Amino acid sequence: MNHLLKLPRLATRAFSTTTKQMKNKVPDHQNLFQADNCLPVHIKGGTTDVLLYRLTMTNTLAGTGYSLFWILCACQPKGN
């Protein structure tokens with residue numbers, strides 16, 4: 001029963017706001033994404049965004065091709 005009485009104290013200690021405050025990065029990101037450099041928004045983040053975009057597009061095209069292949073196979077008559 002004693003451990004249940006300590007629970008509120010532990011909870012407030014775990015979520016204390018006395019930790020070091022982090023720097024607000026929102027204005028930096030706003031400047032980055034609002035810059036007029038003729039890039040789409042999903043690529044403005046840099047190399048990581050470009051790689052993620054290309055990986056996503058590759059997976060999408062491969063999955064579409066794979067699905068179309070099996071649809072074509074399903075449409076073909078069975079040979080005896």
# chains A, B, ... in the order shown; residues from 1 in each chain; ligands from 1

$ residues_around --residues "Asn31 in chain A" --least-positions-apart "6" --cutoff "12 Å" --atoms "only C-alpha atoms" --output "JSON, numbers by chain"
{"A": [25, 37, 44, 45]}

$ write_last_selection --atoms "all heavy atoms" --output "CSV table (one decimal), in the first residue's frame"
chain,number,residue,atom,x,y,z
A,25,LYS,N,13.2,25.2,-32.9
A,25,LYS,CA,13.7,25.1,-34.3
A,25,LYS,C,12.7,25.4,-35.4
A,25,LYS,O,13.0,25.4,-36.5
A,25,LYS,CB,14.2,23.7,-34.5
A,25,LYS,CG,15.4,23.3,-33.7
A,25,LYS,CD,15.9,21.9,-33.9
A,25,LYS,CE,17.0,21.5,-33.0
A,25,LYS,NZ,17.4,20.1,-33.2
A,37,ASN,N,13.2,28.3,-53.9
A,37,ASN,CA,14.3,27.7,-54.7
A,37,ASN,C,13.8,26.7,-55.7
A,37,ASN,O,14.5,25.8,-56.1
A,37,ASN,CB,15.3,27.1,-53.7
A,37,ASN,CG,14.6,26.1,-52.8
A,37,ASN,OD1,13.5,25.8,-52.9
A,37,ASN,ND2,15.4,25.6,-51.9
A,44,LYS,N,12.6,19.7,-50.1
A,44,LYS,CA,13.4,20.8,-49.6
A,44,LYS,C,14.2,20.4,-48.3
A,44,LYS,O,15.1,21.2,-47.9
A,44,LYS,CB,12.4,21.9,-49.2
A,44,LYS,CG,12.0,22.7,-50.4
A,44,LYS,CD,11.2,23.9,-50.0
A,44,LYS,CE,10.8,24.7,-51.3
A,44,LYS,NZ,10.2,26.0,-51.0
A,45,GLY,N,13.9,19.3,-47.7
A,45,GLY,CA,14.6,18.9,-46.5
A,45,GLY,C,16.1,18.5,-46.7
A,45,GLY,O,16.8,18.4,-45.7

$ residues_around --residues "Ile43 in chain A" --least-positions-apart "5" --cutoff "8 Å" --atoms "only C-alpha atoms" --output "ChimeraX atom specification"
/A:49-50,53

$ write_last_selection --atoms "N, CA and C atoms" --output "PDB file, in the first residue's frame"
ATOM      1  N   ASP A  49      15.543  13.648 -47.471  1.00  0.00           N
ATOM      2  CA  ASP A  49      14.218  13.721 -48.084  1.00  0.00           C
ATOM      3  C   ASP A  49      14.246  13.215 -49.520  1.00  0.00           C
ATOM      4  N   VAL A  50      15.307  13.532 -50.251  1.00  0.00           N
ATOM      5  CA  VAL A  50      15.418  13.057 -51.630  1.00  0.00           C
ATOM      6  C   VAL A  50      15.512  11.535 -51.664  1.00  0.00           C
ATOM      7  N   TYR A  53      12.153  10.036 -50.787  1.00  0.00           N
ATOM      8  CA  TYR A  53      11.229  10.223 -51.908  1.00  0.00           C
ATOM      9  C   TYR A  53      11.508   9.192 -52.999  1.00  0.00           C
TER      10      TYR A  53
END

$ atom_distance --atom1 "CA of Phe33 in chain A" --atom2 "CA of Gly46 in chain A"
10.6 Å

$ atom_distance --atom1 "CA of Thr58 in chain A" --atom2 "CA of Leu72 in chain A"
20.9 Å

$ atom_distance --atom1 "CA of Val26 in chain A" --atom2 "CA of Pro40 in chain A"
19.1 Å
